[in-house]
file coords-v4.txt (compact mmCIF, C-alpha atoms and all ligand atoms)
# COMPACT_ATOMS: atom_id res chain seq x y z
CA MET A 1 11.27 45.12 117.71
CA VAL A 2 11.48 48.23 115.58
CA ARG A 3 13.50 47.89 112.39
CA GLY A 4 15.51 50.62 110.81
CA GLY A 5 17.35 53.39 112.59
CA ARG A 6 20.71 54.91 112.01
CA LEU A 7 22.59 51.69 111.43
CA SER A 8 21.00 50.35 108.35
CA VAL A 9 21.70 46.64 108.20
CA ARG A 10 19.36 44.41 110.16
CA PRO A 11 20.76 41.84 112.55
CA GLY A 12 21.31 38.51 110.91
CA THR A 13 21.95 39.89 107.46
CA ASP A 14 25.35 39.94 105.88
CA PRO A 15 26.29 43.56 105.53
CA ASP A 16 29.28 43.73 103.24
CA ARG A 17 28.59 47.43 103.10
CA VAL A 18 31.70 49.20 102.13
CA ASN A 19 32.86 52.74 102.24
CA ALA A 20 36.00 54.71 102.81
CA VAL A 21 37.67 55.41 106.10
CA GLY A 22 41.01 56.88 107.03
CA HIS A 23 44.08 54.83 106.39
CA PRO A 24 46.37 55.07 109.41
CA GLY A 25 49.40 52.83 109.46
CA ARG A 26 47.70 49.66 110.52
CA VAL A 27 50.28 47.61 112.33
CA ALA A 28 48.87 49.88 115.03
CA ARG A 29 45.59 50.34 113.20
CA LEU A 30 43.04 48.47 115.29
CA GLY A 31 40.12 50.49 116.53
CA THR A 32 39.67 52.79 113.61
CA LEU A 33 36.95 55.01 115.00
CA LEU A 34 38.11 55.28 118.57
CA ALA A 35 39.32 58.75 119.28
CA LEU A 36 41.35 57.68 122.27
CA ALA A 37 42.96 54.75 120.54
CA LEU A 38 43.59 56.94 117.51
CA ALA A 39 45.32 59.77 119.29
CA CYS A 40 48.53 58.99 117.39
CA MET A 41 46.98 58.23 113.99
CA PRO A 42 45.37 60.14 111.13
CA ALA A 43 41.67 60.72 111.64
CA PRO A 44 39.18 58.62 109.70
CA ALA A 45 37.99 60.29 106.53
CA ALA A 46 34.47 58.89 106.64
CA ILE A 47 32.18 56.34 108.19
CA ALA A 48 32.63 52.87 106.80
CA ALA A 49 30.87 49.54 106.85
CA THR A 50 28.01 49.15 109.32
CA ALA A 51 26.07 46.15 110.54
CA GLY A 52 23.32 45.35 113.03
CA GLY A 53 21.99 48.05 115.27
CA ALA A 54 18.22 47.85 114.75
CA PRO A 55 16.75 49.44 117.88
CA HIS A 56 14.80 47.40 120.40
CA ALA A 57 11.81 49.50 121.47
CA LEU A 58 10.81 49.39 125.13
CA ALA A 59 7.55 50.09 126.92
CA ALA A 60 7.71 52.91 129.44
CA ASP A 61 8.65 51.85 132.95
CA GLY A 62 8.33 55.27 134.57
CA SER A 63 11.75 55.18 136.20
CA PRO A 64 13.86 58.35 136.41
CA LEU A 65 16.05 57.40 133.42
CA ASP A 66 13.39 55.60 131.44
CA LEU A 67 14.91 53.80 128.43
CA ALA A 68 12.81 54.05 125.27
CA SER A 69 15.04 51.97 122.99
CA VAL A 70 18.49 50.44 122.82
CA ALA A 71 20.55 49.27 119.84
CA LEU A 72 23.90 47.58 119.39
CA GLY A 73 25.61 47.59 116.02
CA GLN A 74 29.06 47.88 114.52
CA THR A 75 30.74 50.56 112.43
CA ASP A 76 34.17 49.72 111.07
CA ARG A 77 35.95 48.07 113.96
CA ALA A 78 33.85 49.70 116.67
CA LEU A 79 30.80 48.39 118.46
CA VAL A 80 28.20 51.15 118.64
CA LEU A 81 25.76 51.15 121.55
CA THR A 82 22.89 53.59 121.14
CA VAL A 83 20.67 54.28 124.14
CA THR A 84 17.60 56.47 123.84
CA ALA A 85 15.69 57.66 126.90
CA ARG A 86 12.16 58.99 127.06
CA SER A 87 13.38 62.36 128.31
CA ALA A 88 16.69 64.23 128.38
CA ILE A 89 19.68 62.32 129.76
CA GLU A 90 21.01 64.85 132.23
CA PRO A 91 24.78 64.42 132.78
CA ALA A 92 24.25 64.95 136.51
CA GLN A 93 22.09 61.82 136.59
CA LEU A 94 25.14 59.80 135.54
CA ALA A 95 27.68 61.56 137.78
CA ALA A 96 30.46 59.14 138.76
CA GLY A 97 29.69 57.26 141.94
CA ARG A 98 26.03 58.32 141.89
CA GLY A 99 24.55 57.12 138.62
CA ARG A 100 25.63 55.19 135.58
CA LEU A 101 24.61 53.47 132.42
CA CYS A 102 25.98 49.97 131.94
CA ALA A 103 25.94 47.38 129.18
CA THR A 104 26.68 43.75 129.84
CA LEU A 105 28.09 41.96 126.81
CA ALA A 106 28.84 38.25 126.72
CA GLY A 107 30.64 36.76 123.75
CA THR A 108 31.85 33.26 123.05
CA ALA A 109 35.38 33.93 124.31
CA GLY A 110 34.78 36.55 126.99
CA SER A 111 32.40 38.99 128.55
CA ALA A 112 32.47 42.48 129.96
CA ARG A 113 30.42 45.07 131.75
CA LEU A 114 30.89 48.47 130.14
CA CYS A 115 29.71 51.44 132.21
CA ILE A 116 29.34 55.08 131.23
CA GLU A 117 29.64 57.85 133.82
CA ARG A 118 30.07 61.57 133.90
CA ARG A 119 33.33 62.68 135.51
CA ALA A 120 34.86 66.19 135.58
CA GLY A 121 32.63 67.42 132.77
CA ALA A 122 33.38 64.53 130.44
CA TRP A 123 31.86 61.16 129.64
CA VAL A 124 34.00 58.30 130.88
CA ALA A 125 33.76 54.63 129.93
CA ARG A 126 34.88 51.91 132.28
CA ARG A 127 35.17 48.17 132.03
CA GLY A 128 34.58 47.18 135.60
CA ALA A 129 36.90 49.48 137.53
CA ARG A 130 39.26 50.24 134.64
CA PRO A 131 38.90 53.11 132.17
CA VAL A 132 38.49 51.86 128.62
CA ALA A 133 39.16 53.68 125.33
CA ALA A 134 35.74 54.61 124.00
CA THR A 135 34.03 57.53 122.37
CA VAL A 136 30.86 58.66 124.16
CA THR A 137 28.63 61.28 122.59
CA ARG A 138 25.19 62.71 123.29
CA PRO A 139 23.94 63.50 119.77
CA ARG A 140 20.70 64.76 121.26
CA ALA A 141 19.39 65.36 124.73
CA GLY A 142 17.76 61.96 125.13
CA ARG A 143 20.41 59.83 123.46
CA LEU A 144 23.88 58.50 124.26
CA GLU A 145 26.13 56.77 121.72
CA VAL A 146 29.11 54.72 122.81
CA ARG A 147 31.77 53.49 120.38
CA VAL A 148 34.28 50.97 121.64
CA ALA A 149 36.60 48.39 120.08
CA PRO A 150 35.44 44.85 120.86
CA ALA A 151 39.03 43.95 121.71
CA ALA A 152 39.03 46.61 124.45
CA LEU A 153 36.23 44.61 126.04
CA GLY A 154 37.90 41.24 125.47
CA LEU A 155 35.31 40.35 122.82
CA ALA A 156 36.26 38.41 119.70
CA PRO A 157 34.31 38.24 116.42
CA GLY A 158 31.26 36.02 116.79
CA PRO A 159 27.85 36.01 118.43
CA LEU A 160 27.22 37.76 121.70
CA THR A 161 24.33 38.57 123.99
CA TRP A 162 23.80 41.89 125.68
CA SER A 163 21.62 43.94 127.98
CA VAL A 164 21.60 47.47 129.40
CA THR A 165 20.85 48.99 132.78
CA ALA A 166 20.41 52.69 133.50
CA THR A 167 20.70 53.76 137.12
CA PRO A 168 20.25 57.52 137.59
CA ALA A 169 21.75 59.43 140.46
CA SER A 170 18.28 60.20 141.72
CA CYS A 171 18.02 56.55 142.76
CA GLY A 172 20.37 57.54 145.58
CA GLY A 173 23.14 55.20 146.61
CA ALA A 174 22.17 52.46 144.20
CA VAL A 175 25.38 52.65 142.21
CA ALA A 176 27.62 52.54 145.25
CA ALA A 177 25.87 49.35 146.28
CA GLN A 178 26.28 47.87 142.81
CA THR A 179 29.91 48.91 142.51
CA GLY A 180 30.74 46.83 145.54
CA GLY A 181 29.57 43.75 143.73
CA VAL A 182 31.62 44.27 140.58
CA ALA A 183 35.03 42.64 140.35
CA PRO A 184 37.76 45.08 139.26
CA GLY A 185 38.57 44.77 135.61
CA ASP A 186 35.47 42.98 134.52
CA GLY A 187 32.25 42.10 136.26
CA ALA A 188 30.11 40.51 133.60
CA GLY A 189 27.01 39.96 135.68
CA THR A 190 24.02 42.21 135.20
CA PRO A 191 22.77 43.65 138.45
CA PRO A 192 19.01 43.99 138.64
CA PRO A 193 17.48 47.44 138.44
CA ALA A 194 17.67 49.21 141.74
CA THR A 195 14.50 49.82 143.66
CA GLY A 196 13.64 53.00 145.50
CA GLY A 197 11.63 53.17 148.67
CA GLY A 198 8.67 50.83 148.82
CA GLY A 199 9.89 48.62 145.97
CA VAL A 200 9.19 51.22 143.25
CA PRO A 201 11.53 50.63 140.25
CA CYS A 202 14.39 53.10 140.33
CA GLY A 203 16.35 52.17 137.27
CA SER A 204 15.63 51.08 133.77
CA ARG A 205 16.67 47.82 132.20
CA ALA A 206 16.63 46.47 128.67
CA PRO A 207 15.26 43.87 128.15
CA ARG A 208 12.75 45.08 130.71
CA GLN A 209 12.67 42.27 133.24
CA ARG A 210 15.36 39.73 132.44
CA GLY A 211 17.16 38.11 129.56
CA THR A 212 19.42 39.46 126.86
CA TYR A 213 19.35 40.52 123.22
CA PRO A 214 21.28 38.66 120.52
CA GLY A 215 24.13 40.52 118.86
CA ARG A 216 27.34 39.96 117.00
CA VAL A 217 30.89 41.22 116.79
CA TRP A 218 31.66 41.36 113.10
CA ARG A 219 35.06 40.75 111.59
CA ALA A 220 36.30 43.90 109.85
CA VAL A 221 38.10 42.85 106.68
CA VAL A 222 40.23 45.20 104.62
CA THR A 223 39.06 44.92 101.02
CA GLY A 224 40.95 47.76 99.40
CA CYS A 225 41.65 51.44 99.49
CA THR A 226 40.59 54.59 97.69
CA ALA A 227 43.11 56.46 95.58
CA PRO A 228 44.64 59.31 97.57
CA GLY A 229 44.40 62.32 95.25
CA THR A 230 45.28 62.54 91.58
CA GLY A 231 48.37 62.91 89.41
CA ARG A 232 51.68 61.17 89.81
CA VAL A 233 53.20 61.71 93.20
CA THR A 234 56.69 61.34 94.64
CA GLY A 235 56.06 62.15 98.30
CA GLY A 236 53.64 63.45 100.91
CA ARG A 237 53.32 66.66 102.87
CA SER A 238 53.47 65.13 106.34
CA ARG A 239 56.23 66.31 108.64
CA ARG A 240 56.23 63.20 110.79
CA LEU A 241 55.19 60.31 108.54
CA VAL A 242 57.30 58.32 106.09
CA ALA A 243 56.47 55.31 103.93
CA LEU A 244 58.69 52.33 103.18
CA THR A 245 57.94 50.77 99.79
CA TYR A 246 59.15 47.50 98.30
CA ASP A 247 58.93 46.64 94.60
CA ASP A 248 59.14 43.58 92.35
CA GLY A 249 57.71 40.97 94.73
CA PRO A 250 56.29 38.73 95.80
CA SER A 251 59.48 36.69 95.80
CA ARG A 252 61.13 34.15 98.06
CA TRP A 253 62.39 37.12 100.10
CA THR A 254 59.02 38.70 100.77
CA ALA A 255 58.04 36.61 103.81
CA ARG A 256 61.32 37.54 105.49
CA PHE A 257 60.56 41.22 104.98
CA VAL A 258 57.10 40.69 106.44
CA ASP A 259 58.56 38.93 109.48
CA GLU A 260 61.11 41.67 110.03
CA LEU A 261 58.52 44.42 109.64
CA ALA A 262 56.31 42.64 112.19
CA ARG A 263 59.22 42.46 114.62
CA LEU A 264 59.83 46.18 114.15
CA GLY A 265 56.13 47.09 114.26
CA VAL A 266 56.29 48.93 110.94
CA PRO A 267 53.83 48.88 108.02
CA ALA A 268 55.06 49.02 104.44
CA THR A 269 53.67 49.18 100.93
CA PHE A 270 54.45 46.40 98.48
CA PHE A 271 54.23 47.04 94.73
CA LEU A 272 53.59 43.61 93.26
CA ILE A 273 54.32 42.14 89.86
CA GLY A 274 51.09 40.52 88.73
CA ARG A 275 52.49 37.37 87.17
CA GLN A 276 54.25 36.51 90.45
CA VAL A 277 51.09 36.72 92.57
CA SER A 278 49.56 33.35 91.76
CA GLY A 279 50.01 30.89 94.62
CA GLU A 280 50.99 33.60 97.11
CA GLY A 281 47.48 34.24 98.46
CA ALA A 282 48.23 33.16 102.03
CA LEU A 283 51.31 35.36 102.29
CA LEU A 284 49.61 38.36 100.67
CA ARG A 285 46.51 38.06 102.84
CA ARG A 286 48.73 37.88 105.90
CA MET A 287 50.35 41.10 104.72
CA VAL A 288 46.98 42.83 104.42
CA ASP A 289 45.94 41.60 107.86
CA ALA A 290 49.22 42.86 109.30
CA GLY A 291 48.51 46.37 108.01
CA HIS A 292 50.69 46.42 104.92
CA GLU A 293 49.38 47.88 101.71
CA LEU A 294 49.38 45.92 98.46
CA ALA A 295 49.80 47.86 95.24
CA ASN A 296 50.17 47.34 91.52
CA HIS A 297 53.55 47.25 89.73
CA SER A 298 52.33 45.93 86.33
CA TRP A 299 51.91 42.35 85.13
CA ASP A 300 55.46 41.60 83.95
CA HIS A 301 57.48 44.74 84.69
CA ALA A 302 57.25 46.08 81.16
CA ASN A 303 58.07 49.71 80.50
CA LEU A 304 54.56 51.20 80.23
CA GLY A 305 55.63 54.85 80.10
CA GLY A 306 54.08 55.36 76.69
CA GLY A 307 50.66 54.23 77.85
CA GLY A 308 48.26 52.68 75.37
CA SER A 309 45.75 49.89 75.76
CA ALA A 310 48.48 47.36 76.56
CA ALA A 311 49.24 49.37 79.70
CA THR A 312 45.60 49.26 80.76
CA SER A 313 45.64 45.51 80.27
CA GLN A 314 48.80 45.15 82.40
CA LEU A 315 47.24 47.14 85.23
CA GLN A 316 43.87 45.35 85.05
CA ARG A 317 45.40 41.88 85.04
CA THR A 318 47.60 42.67 88.02
CA SER A 319 44.85 44.19 90.17
CA ALA A 320 42.56 41.27 89.28
CA ALA A 321 45.25 38.78 90.32
CA ILE A 322 45.80 40.53 93.64
CA ARG A 323 42.05 40.74 94.24
CA ARG A 324 41.56 37.07 93.36
CA VAL A 325 44.03 35.77 95.94
CA THR A 326 43.49 38.33 98.71
CA GLY A 327 40.11 40.05 98.26
CA PHE A 328 42.05 43.34 98.32
CA SER A 329 41.77 45.90 95.49
CA PRO A 330 44.83 48.17 95.13
CA CYS A 331 44.52 51.93 94.69
CA LEU A 332 48.17 52.66 93.91
CA PHE A 333 50.24 51.91 90.83
CA ARG A 334 54.00 52.23 90.55
CA PRO A 335 55.20 52.36 86.95
CA PRO A 336 58.14 50.04 86.28
CA TYR A 337 61.40 51.99 85.92
CA GLY A 338 59.52 55.08 87.11
CA SER A 339 58.53 55.53 83.50
CA VAL A 340 55.23 57.37 83.29
CA GLY A 341 53.65 59.75 80.78
CA ALA A 342 50.34 61.58 80.76
CA ASP A 343 48.49 58.74 79.04
CA LEU A 344 49.64 56.21 81.63
CA VAL A 345 48.64 58.58 84.45
CA ALA A 346 45.16 58.87 82.94
CA ARG A 347 44.83 55.11 82.38
CA SER A 348 45.96 54.34 85.91
CA GLN A 349 43.49 56.80 87.39
CA ALA A 350 40.68 55.49 85.21
CA LEU A 351 41.24 52.17 86.99
CA GLY A 352 41.10 53.85 90.41
CA MET A 353 44.84 53.90 91.00
CA ARG A 354 47.16 56.80 91.61
CA PRO A 355 50.67 56.58 90.11
CA VAL A 356 53.26 56.63 92.90
CA LEU A 357 56.97 57.21 92.44
CA TRP A 358 59.43 57.95 95.30
CA ASN A 359 61.72 60.67 96.61
CA VAL A 360 64.34 58.55 98.39
CA ASP A 361 66.19 55.93 96.34
CA PRO A 362 69.19 54.14 97.90
CA ALA A 363 69.58 52.03 94.70
CA ASP A 364 69.44 48.86 96.76
CA TRP A 365 69.04 46.77 93.60
CA ARG A 366 72.69 47.54 92.79
CA ALA A 367 73.67 45.85 96.07
CA PRO A 368 75.89 48.69 97.34
CA GLY A 369 76.07 47.13 100.81
CA ALA A 370 73.61 47.36 103.70
CA GLY A 371 75.60 50.20 105.27
CA ALA A 372 75.39 52.27 102.10
CA ILE A 373 71.66 51.67 101.86
CA VAL A 374 71.16 52.79 105.46
CA ALA A 375 73.35 55.85 105.01
CA ASN A 376 71.59 56.92 101.84
CA VAL A 377 68.12 56.62 103.38
CA LEU A 378 69.07 58.38 106.61
CA ARG A 379 70.74 61.17 104.65
CA ASN A 380 67.77 61.81 102.37
CA ALA A 381 64.60 60.87 104.22
CA ARG A 382 62.42 63.40 105.97
CA GLY A 383 58.73 63.79 106.78
CA GLY A 384 56.66 62.92 103.70
CA SER A 385 59.31 60.66 102.18
CA ILE A 386 58.43 57.67 100.05
CA ILE A 387 61.44 55.38 100.35
CA LEU A 388 62.15 52.94 97.53
CA GLY A 389 63.39 49.42 98.11
CA HIS A 390 63.00 45.98 96.55
CA ASP A 391 61.85 42.63 97.91
CA GLY A 392 62.21 40.87 94.56
CA GLY A 393 64.40 40.76 91.47
CA GLY A 394 67.41 39.00 92.98
CA SER A 395 69.02 38.63 96.39
CA ARG A 396 67.55 41.19 98.77
CA ALA A 397 69.81 40.33 101.69
CA GLN A 398 71.30 43.82 101.88
CA THR A 399 67.92 45.52 101.71
CA LEU A 400 66.65 43.27 104.49
CA ALA A 401 69.76 43.81 106.61
CA ALA A 402 69.40 47.58 106.26
CA LEU A 403 65.81 47.62 107.50
CA PRO A 404 66.30 47.66 111.31
CA GLN A 405 68.84 50.49 111.16
CA ILE A 406 66.65 52.53 108.83
CA VAL A 407 63.71 52.13 111.19
CA ALA A 408 65.77 52.95 114.27
CA GLY A 409 67.44 55.93 112.61
CA LEU A 410 64.22 57.52 111.38
CA ARG A 411 62.37 56.82 114.63
CA ALA A 412 65.19 58.53 116.50
CA ARG A 413 64.25 61.66 114.56
CA GLY A 414 60.63 61.36 115.61
CA LEU A 415 59.43 60.02 112.28
CA GLU A 416 56.69 57.38 112.15
CA PHE A 417 55.96 54.80 109.49
CA THR A 418 52.75 54.40 107.54
CA THR A 419 51.57 53.03 104.22
CA VAL A 420 51.66 55.16 101.08
CA SER A 421 47.88 55.59 101.23
CA GLY A 422 48.26 56.60 104.87
CA LEU A 423 50.96 59.11 103.94
CA LEU A 424 48.90 60.64 101.14
CA GLY A 425 45.62 60.75 103.06
CA GLY A 426 43.83 58.02 101.15
CA GLY A 427 41.02 55.86 102.42
CA GLU A 428 40.79 52.26 103.46
CA ARG A 429 37.89 50.04 102.37
CA LEU A 430 36.43 47.69 104.93
CA ALA A 431 33.75 45.06 104.84
CA LEU A 432 32.15 43.44 107.88
CA ARG A 433 32.00 39.68 107.72
CA ARG A 434 30.84 36.90 109.97
ZN ZN B 501 60.23 47.39 89.66
call {"tool": "encode", "arguments": {"input": "coords-v4.txt", "output": "structure tokens"}}
result
Amino acid sequence: MVRGGRLSVRPGTDPDRVNAVGHPGRVARLGTLLALALACMPAPAAIAATAGGAPHALAADGSPLDLASVALGQTDRALVLTVTARSAIEPAQLAAGRGRLCATLAGTAGSARLCIERRAGAWVARRGARPVAATVTRPRAGRLEVRVAPAALGLAPGPLTWSVTATPASCGGAVAAQTGGVAPGDGAGTPPPATGGGGVPCGSRAPRQRGTYPGRVWRAVVTGCTAPGTGRVTGGRSRRLVALTYDDGPSRWTARFVDELARLGVPATFFLIGRQVSGEGALLRRMVDAGHELANHSWDHANLGGGGSAATSQLQRTSAAIRRVTGFSPCLFRPPYGSVGADLVARSQALGMRPVLWNVDPADWRAPGAGAIVANVLRNARGGSIILGHDGGGSRAQTLAALPQIVAGLRARGLEFTTVSGLLGGGERLALRR
């Protein structure tokens, strides 16, 4: 086995390599790098955590699409299959119905056969007979890279085994014969390499004769975000995205907001008071996993507008508390009372957090009635809005009751919901874990 290659963590090592990627609203955020799955989301800003992927080198077998090495790794939430041939991979050799490249992947909970073909001038990925959302590229003439979400293949985090077959069109009829043996929708078995006339190998397999390689689907864990820009901000520039924000939690109301947001399929950003975080780890981690963003709202809701070292301490303590119970490091800070001067902006940014205010405020904390809260938000919100609300600091029944109508009203105008980092173009930090 040859070590190294583009994906830099060797199999069997814990990667925990972290970097920034785009921060789409993540209730619908699975499959970060998949262009097809991401058609309705902001594009990733950068490549993130990677794991596995050391190439397995193969001896020449002399077949028409002679595999030189294969590798399977993971980047963000996408499995990355890299196949290198000894000579150019001609698209015509993988023309649909005539030739194809297939990977068989078997995990603990499921298995799949993923096949790549060329159809109407484009690379197409199929799982059995069904098209699957994947990104297929040919970064150089002799190499194909396939990125696909494990979930699209029915694969859960955990160990898997895999193998690859390449059957070029020049084998003549081999694929048609194989297709007949594959059950629609799946087909996890690995057909043997086809043979041409006289028993000469007419397809390439990795491993060469039989068997599989060990691999793993890693769990992509959100560990934080990167501050989206600098300076205090009240809204974004998007025409179609808005962000719901809730301050002063966690409180006994917070779980009800999380349930309602899940029912509505909407992510939100929660600005947390540090001294209330202790003991709420399970709830807050569930919020991160559901695609909500956690952010800093000071330790005890003091007015920090004047800045000073006490403000730094308030911000540090709160981020540390959030990190301790969730593993998530915030990149946004909302000053209590909206009170923020230049020194506080600088101190917040020195800690990696951008100060975030709002541009829609229905004054829900005054309890004006759910109808008044809805009317205010629908009157004032537009693309780029950061909408203020509260999930702590007293009864939040009206704020909660207003939520479904706010979501329905803004969706009716074509607006979509995201986190504040998503709205402002910030990055998400991921780590890959076993
Ligand atoms: Zn507050």
call {"tool": "residues_near_ligand", "arguments": {"input": "coords-v4.txt", "ligand": "ligand ZN 501 (chain B)", "cutoff": "7 Å", "atoms": "only C-alpha atoms and all ligand atoms", "output": "ChimeraX atom specification"}}
result
/A:247-248,297,301,336-337
call {"tool": "closest_atom_pairs", "arguments": {"input": "coords-v4.txt", "of": "range 198-257 of chain A", "to": "range 316-329 of chain A", "cutoff": "9 Å", "atoms": "all atoms listed in the file", "output": "tab-separated table"}}
result
residue	atom	partner	partner_atom	distance
A:Val222	CA	A:Phe328	CA	6.8
A:Thr223	CA	A:Phe328	CA	4.3
A:Gly224	CA	A:Ser329	CA	4.4
A:Cys225	CA	A:Ser329	CA	6.8
call {"tool": "atom_distance", "arguments": {"input": "coords-v4.txt", "atom1": "CA of Thr82 in chain A", "atom2": "CA of Arg147 in chain A"}}
result
8.9 Å
call {"tool": "atom_distance", "arguments": {"input": "coords-v4.txt", "atom1": "CA of Arg119 in chain A", "atom2": "CA of Ala134 in chain A"}}
result
14.3 Å
call {"tool": "residues_around", "arguments": {"input": "coords-v4.txt", "residues": "Arg210 in chain A", "least_positions_apart": "3", "cutoff": "9 Å", "atoms": "only C-alpha atoms", "output": "list of chain:residue names"}}
result
A:Ser163, A:Pro192, A:Arg205, A:Ala206, A:Pro207
call {"tool": "residues_near_point", "arguments": {"input": "coords-v4.txt", "point": "(52.8, 57.6, 91.6)", "cutoff": "10 Å", "atoms": "only C-alpha atoms", "output": "PyMOL selection string"}}
result
chain A and resi 230-235+332-335+338+340+345+348+353-358+420
call {"tool": "closest_residue", "arguments": {"input": "coords-v4.txt", "among": "A:Leu283, A:Leu272, A:Ala412, A:Cys115", "to": "Arg256 in chain A", "atoms": "only C-alpha atoms"}}
result
A:Leu283
call {"tool": "residues_around", "arguments": {"input": "coords-v4.txt", "residues": "range 400-404 of chain A", "least_positions_apart": "4", "cutoff": "7 Å", "atoms": "all atoms listed in the file", "output": "PDB file with C-alpha atoms, keeping the file's coordinate frame"}}
result
ATOM      1  CA  PHE A 257      60.560  41.220 104.980  1.00  0.00           C
ATOM      2  CA  ALA A 370      73.610  47.360 103.700  1.00  0.00           C
ATOM      3  CA  GLY A 371      75.600  50.200 105.270  1.00  0.00           C
ATOM      4  CA  ILE A 373      71.660  51.670 101.860  1.00  0.00           C
ATOM      5  CA  VAL A 374      71.160  52.790 105.460  1.00  0.00           C
ATOM      6  CA  ARG A 396      67.550  41.190  98.770  1.00  0.00           C
ATOM      7  CA  ALA A 408      65.770  52.950 114.270  1.00  0.00           C
TER       8      ALA A 408
END
